[in-house]
>>> print(open('target_10.csv').read())   # CSV, C-alpha atoms and all ligand atoms
chain,number,residue,atom,x,y,z
A,17,MET,CA,-33.1,31.0,-36.5
A,18,GLY,CA,-29.6,29.8,-36.9
A,19,ARG,CA,-28.8,30.1,-33.2
A,20,MET,CA,-27.7,27.2,-31.1
A,21,THR,CA,-30.6,25.2,-29.7
A,22,THR,CA,-30.7,23.2,-26.5
A,23,GLN,CA,-31.1,19.9,-28.4
A,24,VAL,CA,-28.1,20.6,-30.7
A,25,LEU,CA,-26.0,21.7,-27.7
A,26,GLU,CA,-26.8,18.6,-25.8
A,27,ALA,CA,-26.1,16.4,-28.8
A,28,ILE,CA,-22.7,18.1,-29.4
A,29,ASN,CA,-21.8,17.7,-25.7
A,30,LYS,CA,-22.7,14.0,-26.2
A,31,GLN,CA,-20.4,13.8,-29.2
A,32,ILE,CA,-17.6,15.4,-27.2
A,33,ALA,CA,-17.9,12.5,-24.8
A,34,ALA,CA,-18.0,10.0,-27.7
A,35,GLU,CA,-14.8,11.4,-29.1
A,36,PHE,CA,-13.1,11.2,-25.7
A,37,ALA,CA,-14.4,7.6,-25.4
A,38,ALA,CA,-12.9,6.8,-28.8
A,39,SER,CA,-9.6,8.3,-27.7
A,40,PHE,CA,-9.7,6.2,-24.5
A,41,SER,CA,-10.6,3.1,-26.5
A,42,TYR,CA,-7.7,3.6,-29.0
A,43,LEU,CA,-5.4,4.0,-26.0
A,44,ALA,CA,-6.6,0.6,-24.6
A,45,MET,CA,-6.0,-0.9,-28.0
A,46,ALA,CA,-2.5,0.6,-28.0
A,47,SER,CA,-1.9,-1.0,-24.6
A,48,TRP,CA,-2.9,-4.4,-25.8
A,49,CYS,CA,-0.7,-4.2,-28.9
A,50,GLU,CA,2.3,-3.0,-27.1
A,51,HIS,CA,1.9,-5.5,-24.3
A,52,HIS,CA,1.9,-8.2,-27.0
A,53,LYS,CA,5.0,-6.5,-28.6
A,54,PHE,CA,3.3,-5.1,-31.7
A,55,MET,CA,5.0,-1.8,-31.1
A,56,GLY,CA,4.2,-0.4,-34.6
A,57,ALA,CA,0.5,-1.0,-34.2
A,58,GLY,CA,0.7,0.5,-30.7
A,59,ARG,CA,2.3,3.6,-32.0
A,60,TRP,CA,-0.4,3.9,-34.7
A,61,LEU,CA,-3.1,3.5,-32.1
A,62,ARG,CA,-1.6,6.0,-29.7
A,63,GLN,CA,-1.5,8.5,-32.5
A,64,GLN,CA,-5.1,7.7,-33.3
A,65,SER,CA,-6.0,8.2,-29.7
A,66,ALA,CA,-4.4,11.7,-29.8
A,67,GLU,CA,-6.4,12.5,-33.0
A,68,GLU,CA,-9.7,11.6,-31.3
A,69,HIS,CA,-8.6,13.8,-28.4
A,70,GLY,CA,-8.2,16.5,-30.9
A,71,HIS,CA,-11.7,15.9,-32.3
A,72,ALA,CA,-13.2,16.2,-28.8
A,73,LEU,CA,-11.3,19.5,-28.3
A,74,LYS,CA,-12.4,20.8,-31.7
A,75,LEU,CA,-16.1,20.4,-30.6
A,76,PHE,CA,-15.2,21.7,-27.2
A,77,ASP,CA,-13.8,24.9,-28.8
A,78,PHE,CA,-16.8,25.2,-31.0
A,79,VAL,CA,-19.3,25.1,-28.1
A,80,LEU,CA,-17.3,27.8,-26.3
A,81,ALA,CA,-17.0,29.9,-29.4
A,82,ARG,CA,-20.8,29.8,-29.6
A,83,ASN,CA,-20.8,31.2,-26.1
A,84,HIS,CA,-22.0,28.1,-24.3
A,85,PRO,CA,-20.3,26.1,-21.5
A,86,VAL,CA,-19.2,22.6,-22.2
A,87,ARG,CA,-20.7,19.9,-20.1
A,88,LEU,CA,-18.3,16.9,-19.8
A,89,SER,CA,-19.6,13.5,-18.8
A,90,GLY,CA,-18.1,10.2,-17.7
A,91,ILE,CA,-16.4,7.8,-20.0
A,92,ASP,CA,-17.1,4.1,-19.9
A,93,GLU,CA,-14.3,1.7,-19.4
A,94,PRO,CA,-13.0,0.7,-22.9
A,95,LYS,CA,-12.6,-2.8,-24.1
A,96,SER,CA,-9.0,-3.8,-23.4
A,97,GLU,CA,-8.9,-7.5,-24.1
A,98,PHE,CA,-8.4,-8.8,-27.6
A,99,GLY,CA,-7.5,-12.1,-29.3
A,100,SER,CA,-5.3,-10.7,-32.0
A,101,VAL,CA,-4.1,-7.7,-33.9
A,102,VAL,CA,-6.8,-8.2,-36.5
A,103,GLU,CA,-9.5,-8.2,-33.8
A,104,VAL,CA,-8.1,-4.9,-32.5
A,105,PHE,CA,-8.5,-3.3,-36.0
A,106,GLU,CA,-11.9,-4.9,-36.6
A,107,ARG,CA,-13.0,-3.3,-33.4
A,108,ALA,CA,-11.5,0.0,-34.5
A,109,LEU,CA,-13.4,-0.1,-37.8
A,110,ALA,CA,-16.7,-0.9,-36.0
A,111,GLN,CA,-16.0,2.0,-33.7
A,112,GLU,CA,-15.4,4.4,-36.6
A,113,GLN,CA,-18.6,3.2,-38.3
A,114,GLU,CA,-20.5,3.9,-35.2
A,115,VAL,CA,-19.0,7.4,-34.9
A,116,SER,CA,-19.9,8.1,-38.5
A,117,LYS,CA,-23.5,7.3,-37.7
A,118,GLN,CA,-23.4,9.6,-34.7
A,119,ILE,CA,-22.0,12.4,-36.8
A,120,ASP,CA,-24.6,11.9,-39.5
A,121,GLY,CA,-27.3,12.0,-36.8
A,122,LEU,CA,-25.9,15.1,-35.3
A,123,TYR,CA,-25.7,16.8,-38.7
A,124,GLU,CA,-29.3,15.8,-39.5
A,125,LEU,CA,-30.4,17.3,-36.1
A,126,ALA,CA,-28.5,20.6,-36.8
A,127,PHE,CA,-30.1,20.7,-40.3
A,128,ARG,CA,-33.6,20.2,-38.8
A,129,GLU,CA,-33.0,22.8,-36.2
A,130,LYS,CA,-31.4,25.2,-38.7
A,131,VAL,CA,-28.3,25.6,-36.7
A,132,PHE,CA,-26.1,26.5,-39.6
A,133,ALA,CA,-22.9,27.2,-37.7
A,134,ALA,CA,-23.1,23.6,-36.3
A,135,MET,CA,-23.7,22.2,-39.8
A,136,ALA,CA,-20.6,24.0,-41.1
A,137,GLU,CA,-18.5,22.7,-38.1
A,138,LEU,CA,-19.9,19.1,-38.6
A,139,GLN,CA,-19.0,19.0,-42.3
A,140,TRP,CA,-15.3,18.7,-41.3
A,141,PHE,CA,-16.2,15.7,-39.2
A,142,ILE,CA,-18.2,14.1,-42.0
A,143,THR,CA,-15.2,14.3,-44.3
A,144,GLU,CA,-12.9,13.1,-41.5
A,145,GLN,CA,-15.0,10.0,-40.9
A,146,VAL,CA,-14.8,9.1,-44.6
A,147,GLU,CA,-11.0,9.2,-44.3
A,148,GLU,CA,-10.8,7.4,-41.0
A,149,GLU,CA,-13.1,4.5,-42.1
A,150,LYS,CA,-11.1,4.2,-45.3
A,151,THR,CA,-7.8,4.0,-43.5
A,152,VAL,CA,-8.9,1.5,-40.9
A,153,ARG,CA,-10.7,-0.6,-43.5
A,154,GLU,CA,-7.4,-0.9,-45.4
A,155,ILE,CA,-5.5,-2.0,-42.3
A,156,VAL,CA,-8.2,-4.6,-41.6
A,157,ALA,CA,-7.9,-5.9,-45.1
A,158,LYS,CA,-4.1,-6.1,-44.8
A,159,CYS,CA,-4.4,-8.0,-41.5
A,160,HIS,CA,-6.6,-10.5,-43.3
A,161,MET,CA,-4.1,-10.9,-46.1
A,162,VAL,CA,-1.4,-11.5,-43.6
A,163,LYS,CA,-3.4,-14.2,-41.8
A,164,ASP,CA,-1.0,-16.6,-39.9
A,165,ASP,CA,2.2,-15.5,-41.7
A,166,SER,CA,4.2,-14.1,-38.8
A,167,ALA,CA,6.9,-12.5,-41.0
A,168,ALA,CA,4.2,-10.6,-42.9
A,169,LEU,CA,2.6,-9.6,-39.7
A,170,LEU,CA,5.9,-8.1,-38.4
A,171,ASP,CA,6.2,-6.2,-41.7
A,172,LEU,CA,2.7,-4.9,-41.3
A,173,ASP,CA,3.5,-3.9,-37.7
A,174,ARG,CA,6.6,-2.0,-39.0
A,175,GLU,CA,4.5,-0.3,-41.6
A,176,LEU,CA,2.0,0.9,-39.0
A,177,GLY,CA,4.8,2.2,-36.9
A,178,GLY,CA,5.9,4.4,-39.7
A,179,ARG,CA,2.7,6.5,-39.5
A,180,GLY,CA,3.6,10.2,-39.5
A,181,PRO,CA,3.1,12.3,-36.4
A,182,ALA,CA,-0.5,13.2,-35.6
A,183,THR,CA,-1.5,16.9,-35.8
A,184,GLU,CA,-1.3,17.2,-32.0
A,185,GLY,CA,0.3,15.6,-29.0
A,186,ALA,CA,1.3,12.3,-30.5
A,187,ALA,CA,3.4,9.6,-28.7
A,188,LYS,CA,7.0,8.9,-29.6
B,1,FE,FE,-13.2,11.2,-34.0
B,2,FE,FE,-12.1,8.4,-35.4
>>> encode(input="target_10.csv", output="structure tokens")
Amino acid sequence: MGRMTTQVLEAINKQIAAEFAASFSYLAMASWCEHHKFMGAGRWLRQQSAEEHGHALKLFDFVLARNHPVRLSGIDEPKSEFGSVVEVFERALAQEQEVSKQIDGLYELAFREKVFAAMAELQWFITEQVEEEKTVREIVAKCHMVKDDSAALLDLDRELGGRGPATEGAAK
């Protein structure tokens, strides 16, 4: 045992699609924010989109390293209409929580099928999800503190815009 199984391979291919979908979704959120002139939030979301793209490629590389081809699938149209910045980040949090569940399920499957290499690879993602949920949860909390104080909202937007460059291909 320990070799890749069809089930695990299929599940990883599905997760690659989910990471690309997350990337696409963050880009749609960036568009909404920038269109409404929350340029800092837009910058943050563009960088997050690039990170999700990086996650997809990490799994893409893993599948190839295990000597299997990657099967890419279509991506659903992301939600692009929002009522407010807080709604954008609440949506982002829900999305991250959903991805965490997917990763947990994938890890459980790899464990059951005794695909140890996949388990090792997925451990990085489990840790990453803890970090991402924490970060987005903090932004949501700050949005709630700001409420209807537009000066505070602009400060928060500026703070989000100060996010350091993503590990790969970030926007300006
Ligand atoms: Fe991700
Ligand atoms: Fe994420």
>>> closest_atom_pairs(input="target_10.csv", of="chain A", to="ligand FE 2 (chain B)", cutoff="12 Å", atoms="all atoms listed in the file", output="Markdown table")
| residue | atom | partner | partner_atom | distance |
| --- | --- | --- | --- | --- |
| A:Gln31 | CA | B:FE2 | FE | 11.7 |
| A:Ala34 | CA | B:FE2 | FE | 9.8 |
| A:Glu35 | CA | B:FE2 | FE | 7.5 |
| A:Phe36 | CA | B:FE2 | FE | 10.1 |
| A:Ala37 | CA | B:FE2 | FE | 10.3 |
| A:Ala38 | CA | B:FE2 | FE | 6.8 |
| A:Ser39 | CA | B:FE2 | FE | 8.1 |
| A:Phe40 | CA | B:FE2 | FE | 11.4 |
| A:Ser41 | CA | B:FE2 | FE | 10.5 |
| A:Tyr42 | CA | B:FE2 | FE | 9.1 |
| A:Leu61 | CA | B:FE2 | FE | 10.8 |
| A:Gln63 | CA | B:FE2 | FE | 11.0 |
| A:Gln64 | CA | B:FE2 | FE | 7.3 |
| A:Ser65 | CA | B:FE2 | FE | 8.4 |
| A:Ala66 | CA | B:FE2 | FE | 10.1 |
| A:Glu67 | CA | B:FE2 | FE | 7.4 |
| A:Glu68 | CA | B:FE2 | FE | 5.7 |
| A:His69 | CA | B:FE2 | FE | 9.5 |
| A:Gly70 | CA | B:FE2 | FE | 10.1 |
| A:His71 | CA | B:FE2 | FE | 8.1 |
| A:Ala72 | CA | B:FE2 | FE | 10.3 |
| A:Arg107 | CA | B:FE2 | FE | 11.9 |
| A:Ala108 | CA | B:FE2 | FE | 8.5 |
| A:Leu109 | CA | B:FE2 | FE | 8.9 |
| A:Ala110 | CA | B:FE2 | FE | 10.4 |
| A:Gln111 | CA | B:FE2 | FE | 7.7 |
| A:Glu112 | CA | B:FE2 | FE | 5.3 |
| A:Gln113 | CA | B:FE2 | FE | 8.8 |
| A:Glu114 | CA | B:FE2 | FE | 9.5 |
| A:Val115 | CA | B:FE2 | FE | 7.0 |
| A:Ser116 | CA | B:FE2 | FE | 8.4 |
| A:Lys117 | CA | B:FE2 | FE | 11.7 |
| A:Gln118 | CA | B:FE2 | FE | 11.4 |
| A:Ile119 | CA | B:FE2 | FE | 10.8 |
| A:Phe141 | CA | B:FE2 | FE | 9.2 |
| A:Ile142 | CA | B:FE2 | FE | 10.6 |
| A:Thr143 | CA | B:FE2 | FE | 11.1 |
| A:Glu144 | CA | B:FE2 | FE | 7.7 |
| A:Gln145 | CA | B:FE2 | FE | 6.4 |
| A:Val146 | CA | B:FE2 | FE | 9.6 |
| A:Glu147 | CA | B:FE2 | FE | 9.0 |
| A:Glu148 | CA | B:FE2 | FE | 5.8 |
| A:Glu149 | CA | B:FE2 | FE | 7.8 |
| A:Lys150 | CA | B:FE2 | FE | 10.8 |
| A:Thr151 | CA | B:FE2 | FE | 10.2 |
| A:Val152 | CA | B:FE2 | FE | 9.4 |
>>> atom_distance(input="target_10.csv", atom1="atom CA of Leu75 of chain A", atom2="atom CA of Ile32 of chain A")
6.2 Å
>>> residues_around(input="target_10.csv", residues="Lys53 of chain A", least_positions_apart="5", cutoff="10 Å", atoms="all atoms listed in the file", output="list in words")
Ser47, Trp48, Gly58, Leu170 and Asp173 of chain A
>>> residues_around(input="target_10.csv", residues="Lys95 of chain A", least_positions_apart="2", cutoff="7 Å", atoms="all atoms listed in the file", output="PDB file with C-alpha atoms, in the frame of the given file")
ATOM      1  CA  SER A  41     -10.600   3.100 -26.500  1.00  0.00           C
ATOM      2  CA  ALA A  44      -6.600   0.600 -24.600  1.00  0.00           C
ATOM      3  CA  GLU A  93     -14.300   1.700 -19.400  1.00  0.00           C
ATOM      4  CA  GLU A  97      -8.900  -7.500 -24.100  1.00  0.00           C
TER       5      GLU A  97
END
>>> atom_distance(input="target_10.csv", atom1="atom CA of Val102 of chain A", atom2="atom CA of Gly56 of chain A")
13.6 Å
>>> build_atoms(input="target_10.csv", residues="segment 68-79 of chain A", atoms="all heavy atoms", output="tab-separated table (two decimals), keeping the file's coordinate frame")
chain	number	residue	atom	x	y	z
A	68	GLU	N	-8.29	11.52	-31.80
A	68	GLU	CA	-9.70	11.60	-31.30
A	68	GLU	C	-9.76	12.61	-30.15
A	68	GLU	O	-10.77	13.29	-30.03
A	68	GLU	CB	-10.07	10.18	-30.72
A	68	GLU	CG	-10.07	9.06	-31.75
A	68	GLU	CD	-11.04	9.29	-32.91
A	68	GLU	OE1	-11.87	10.19	-32.84
A	68	GLU	OE2	-10.93	8.54	-33.90
A	69	HIS	N	-8.71	12.71	-29.37
A	69	HIS	CA	-8.60	13.80	-28.40
A	69	HIS	C	-8.78	15.13	-29.03
A	69	HIS	O	-9.51	16.01	-28.56
A	69	HIS	CB	-7.32	13.64	-27.58
A	69	HIS	CG	-7.21	14.54	-26.39
A	69	HIS	ND1	-6.61	15.78	-26.45
A	69	HIS	CD2	-7.64	14.39	-25.12
A	69	HIS	CE1	-6.68	16.35	-25.25
A	69	HIS	NE2	-7.30	15.53	-24.43
A	70	GLY	N	-8.10	15.27	-30.15
A	70	GLY	CA	-8.20	16.50	-30.90
A	70	GLY	C	-9.60	16.77	-31.44
A	70	GLY	O	-10.06	17.92	-31.43
A	71	HIS	N	-10.29	15.70	-31.86
A	71	HIS	CA	-11.70	15.90	-32.30
A	71	HIS	C	-12.57	16.37	-31.18
A	71	HIS	O	-13.41	17.25	-31.38
A	71	HIS	CB	-12.26	14.52	-32.80
A	71	HIS	CG	-11.56	13.97	-34.00
A	71	HIS	ND1	-11.77	12.68	-34.44
A	71	HIS	CD2	-10.65	14.52	-34.84
A	71	HIS	CE1	-11.03	12.47	-35.52
A	71	HIS	NE2	-10.33	13.56	-35.78
A	72	ALA	N	-12.37	15.79	-30.00
A	72	ALA	CA	-13.20	16.20	-28.80
A	72	ALA	C	-12.91	17.70	-28.56
A	72	ALA	O	-13.86	18.47	-28.36
A	72	ALA	CB	-12.79	15.38	-27.61
A	73	LEU	N	-11.64	18.10	-28.62
A	73	LEU	CA	-11.30	19.50	-28.30
A	73	LEU	C	-11.82	20.45	-29.42
A	73	LEU	O	-12.16	21.60	-29.14
A	73	LEU	CB	-9.80	19.67	-28.15
A	73	LEU	CG	-9.22	19.08	-26.88
A	73	LEU	CD1	-7.76	19.48	-26.72
A	73	LEU	CD2	-10.01	19.52	-25.64
A	74	LYS	N	-11.91	19.95	-30.64
A	74	LYS	CA	-12.40	20.80	-31.70
A	74	LYS	C	-13.89	21.16	-31.44
A	74	LYS	O	-14.30	22.31	-31.60
A	74	LYS	CB	-12.30	20.02	-33.07
A	74	LYS	CG	-12.51	20.87	-34.31
A	74	LYS	CD	-12.12	20.07	-35.54
A	74	LYS	CE	-12.35	20.77	-36.88
A	74	LYS	NZ	-12.94	22.08	-36.93
A	75	LEU	N	-14.67	20.17	-31.00
A	75	LEU	CA	-16.10	20.40	-30.60
A	75	LEU	C	-16.18	21.25	-29.35
A	75	LEU	O	-17.05	22.10	-29.20
A	75	LEU	CB	-16.85	19.11	-30.52
A	75	LEU	CG	-17.08	18.37	-31.83
A	75	LEU	CD1	-17.70	17.00	-31.57
A	75	LEU	CD2	-17.97	19.19	-32.77
A	76	PHE	N	-15.27	20.96	-28.43
A	76	PHE	CA	-15.20	21.70	-27.20
A	76	PHE	C	-15.00	23.20	-27.47
A	76	PHE	O	-15.72	24.05	-26.95
A	76	PHE	CB	-13.96	21.13	-26.41
A	76	PHE	CG	-13.67	21.69	-25.05
A	76	PHE	CD1	-14.11	21.04	-23.90
A	76	PHE	CD2	-12.89	22.84	-24.90
A	76	PHE	CE1	-13.80	21.53	-22.64
A	76	PHE	CE2	-12.58	23.33	-23.64
A	76	PHE	CZ	-13.04	22.68	-22.51
A	77	ASP	N	-14.06	23.49	-28.37
A	77	ASP	CA	-13.80	24.90	-28.80
A	77	ASP	C	-14.99	25.50	-29.48
A	77	ASP	O	-15.29	26.68	-29.30
A	77	ASP	CB	-12.56	24.94	-29.68
A	77	ASP	CG	-11.27	24.65	-28.94
A	77	ASP	OD1	-11.27	24.71	-27.69
A	77	ASP	OD2	-10.26	24.36	-29.61
A	78	PHE	N	-15.67	24.68	-30.28
A	78	PHE	CA	-16.80	25.20	-31.00
A	78	PHE	C	-17.95	25.61	-30.06
A	78	PHE	O	-18.53	26.69	-30.22
A	78	PHE	CB	-17.34	24.11	-31.99
A	78	PHE	CG	-18.61	24.49	-32.69
A	78	PHE	CD1	-18.60	25.46	-33.68
A	78	PHE	CD2	-19.82	23.91	-32.34
A	78	PHE	CE1	-19.77	25.84	-34.32
A	78	PHE	CE2	-21.00	24.28	-32.97
A	78	PHE	CZ	-20.98	25.25	-33.95
A	79	VAL	N	-18.23	24.77	-29.08
A	79	VAL	CA	-19.30	25.10	-28.10
A	79	VAL	C	-18.95	26.40	-27.40
A	79	VAL	O	-19.80	27.30	-27.27
A	79	VAL	CB	-19.47	23.94	-27.09
A	79	VAL	CG1	-20.37	24.37	-25.93
A	79	VAL	CG2	-20.06	22.71	-27.78
